[in-house]
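Only one structure is covered here, and it is reproduced in the block below.
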Amino acid sequence: MRKNSRGILQKLISAPYLIWSVIFVILPLFMVIYYTFTDADGYFTLKNLATLGSTENINVLAISLAIALIATVVCLIVGFPLAYIVTKMKSGGQTVIMLLLMLPMWMNFVIRTNAIYVLTEAMGISETFTAAIMGMVYNFLPFMVLPIYSVMAKLDKHLFEAAHDLGCTKLQSIFKVLIPLSMPGVVSGITMVFVPSVSTFYISEKLGGGMFMTVGDKIDDSFMLYTDYNVGSAFSFVLLILIIISMAIMSKFTSDEDEGGVLL
């Protein structure tokens, strides 16, 4: 009786999560797939995917990937040293820095982006490619720092002492110990920054000033401006495939790193 009661209780506890997943995850995915492979009359077609092969749409996809890649690289260049510096601080300093890093995330995404717009306008670079990159880095930098910091904070400090005893300088120990052991966090950070960067639309629209169009902008226009659910869903479907592929590659890379050791 107790086992049955416990099983029923577990099902009741998980029911809201299952309902939420079905309504807001599974059902929307099915709707995207349906509209991708049907026309306005509901008949099966591949025309929606074929339209993505036009020169204009290929350029949009290329721009989106380029912007996401640049934003990810900048976040990595800034985030990795920042995470390392934080791990070297005392516990109180680490708490303050992480709080300051996370504090903007408590505000609405649109508010944060508008704040960056005001800042770039004061700097005289508003509505430019640079401003859009700044907006992405500002919004997504915590997603890079946090996973790297969580991995670095767990590293055994004796490993660096051992590397030094084996003849490594401080710089060599960074490249031969710190970076290899931090790769799971780095890969997680890259994934968490690249995925939202390649699909964002408000940042490029607000900070980019309409100078270029991303996949997110195309999807937004298809649904909101032209009410063309089929083409918009086709863009969403291709973007979903790209994200799944990137996450699969990152997951495999992380697994390989976990299986390996530290090379001195």
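In the structure tokens, the first chain shown is A, the next is B, and so on; residue numbers restart at 1 for each chain, and ligands run from 1 in the order shown.
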Mind checking DSSP for segment 70-117 of chain A and telling me the alpha helix (DSSP H) residues as a PyMOL selection string?
chain A and resi 70-87+91-102+109-117
Just the selected residues (C-alpha atoms), exported as a PDB file, in the first residue's frame, please.
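selection20.pdb was written with the following content:
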ATOM      1  CA  ILE A  70      31.331  36.556 -33.115  1.00  0.00           C
ATOM      2  CA  ALA A  71      29.223  37.090 -29.990  1.00  0.00           C
ATOM      3  CA  THR A  72      30.174  33.643 -28.700  1.00  0.00           C
ATOM      4  CA  VAL A  73      33.890  34.216 -29.287  1.00  0.00           C
ATOM      5  CA  VAL A  74      33.785  37.606 -27.555  1.00  0.00           C
ATOM      6  CA  CYS A  75      31.908  36.114 -24.597  1.00  0.00           C
ATOM      7  CA  LEU A  76      34.512  33.353 -24.367  1.00  0.00           C
ATOM      8  CA  ILE A  77      37.441  35.796 -24.535  1.00  0.00           C
ATOM      9  CA  VAL A  78      35.893  37.903 -21.780  1.00  0.00           C
ATOM     10  CA  GLY A  79      34.240  35.161 -19.753  1.00  0.00           C
ATOM     11  CA  PHE A  80      37.096  32.670 -19.371  1.00  0.00           C
ATOM     12  CA  PRO A  81      39.573  35.074 -17.711  1.00  0.00           C
ATOM     13  CA  LEU A  82      36.759  36.563 -15.642  1.00  0.00           C
ATOM     14  CA  ALA A  83      35.749  33.142 -14.332  1.00  0.00           C
ATOM     15  CA  TYR A  84      39.393  32.357 -13.523  1.00  0.00           C
ATOM     16  CA  ILE A  85      39.877  35.658 -11.687  1.00  0.00           C
ATOM     17  CA  VAL A  86      36.725  35.068  -9.636  1.00  0.00           C
ATOM     18  CA  THR A  87      37.923  31.622  -8.547  1.00  0.00           C
ATOM     19  CA  SER A  91      34.541  33.537  -0.908  1.00  0.00           C
ATOM     20  CA  GLY A  92      33.080  36.949  -0.088  1.00  0.00           C
ATOM     21  CA  GLY A  93      34.523  38.515  -3.226  1.00  0.00           C
ATOM     22  CA  GLN A  94      33.281  35.639  -5.341  1.00  0.00           C
ATOM     23  CA  THR A  95      29.761  36.130  -3.989  1.00  0.00           C
ATOM     24  CA  VAL A  96      29.807  39.853  -4.772  1.00  0.00           C
ATOM     25  CA  ILE A  97      31.113  39.416  -8.315  1.00  0.00           C
ATOM     26  CA  MET A  98      28.659  36.636  -9.146  1.00  0.00           C
ATOM     27  CA  LEU A  99      25.820  38.699  -7.697  1.00  0.00           C
ATOM     28  CA  LEU A 100      26.794  41.683  -9.836  1.00  0.00           C
ATOM     29  CA  LEU A 101      27.000  39.398 -12.850  1.00  0.00           C
ATOM     30  CA  MET A 102      23.566  37.900 -12.244  1.00  0.00           C
ATOM     31  CA  PHE A 109      15.329  41.160 -21.495  1.00  0.00           C
ATOM     32  CA  VAL A 110      13.764  44.096 -23.349  1.00  0.00           C
ATOM     33  CA  ILE A 111      14.685  46.514 -20.555  1.00  0.00           C
ATOM     34  CA  ARG A 112      18.307  45.330 -20.619  1.00  0.00           C
ATOM     35  CA  THR A 113      18.480  45.742 -24.378  1.00  0.00           C
ATOM     36  CA  ASN A 114      17.000  49.238 -24.224  1.00  0.00           C
ATOM     37  CA  ALA A 115      19.575  50.137 -21.565  1.00  0.00           C
ATOM     38  CA  ILE A 116      22.363  49.033 -23.896  1.00  0.00           C
ATOM     39  CA  TYR A 117      20.760  51.095 -26.662  1.00  0.00           C
TER      40      TYR A 117
END
Which residues are close to Ser64 of chain A, i.e. within 9 Å by only C-alpha atoms, leaving aside same-chain residues fewer than 2 positions away? Reply as a PyMOL selection string.
chain A and resi 59-62+66-69+197-200+213-216
Quick one, how far is atom CA of Asp41 of chain A from atom CA of Thr227 of chain A?
14.3 Å
Selection near segment 166-179 of chain A, 12 Å with only C-alpha atoms, sequence-local residues under 5 positions removed, as a VMD selection string
chain A and resid 80 to 81 83 to 84 87 148 to 149 151 to 161 184 to 187 257 261 to 264
Closest of A:Ile243, A:Thr51, A:Met89, A:Gly210 to Thr36 of chain A - atom-to-atom distances counting only C-alpha atoms
A:Thr51
At what distance in Å, to one decimal, does atom CA of Ser246 of chain A lie from atom CA of Gly208 of chain A?
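Those two atoms sit 25.3 Å apart.
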Quick one: distance from atom CA of Tyr229 of chain A to atom CA of Leu207 of chain A in Å, one decimal?
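Going from atom CA of Tyr229 of chain A over to atom CA of Leu207 of chain A, I get 26.2 Å.
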From the list A:Ile8, A:Ile244, A:Ile203, A:Leu239, which residue is nearest Ile133 of chain A when using only C-alpha atoms?
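Among A:Ile8, A:Ile244, A:Ile203, A:Leu239, it is A:Ile203 that comes nearest to Ile133 of chain A.
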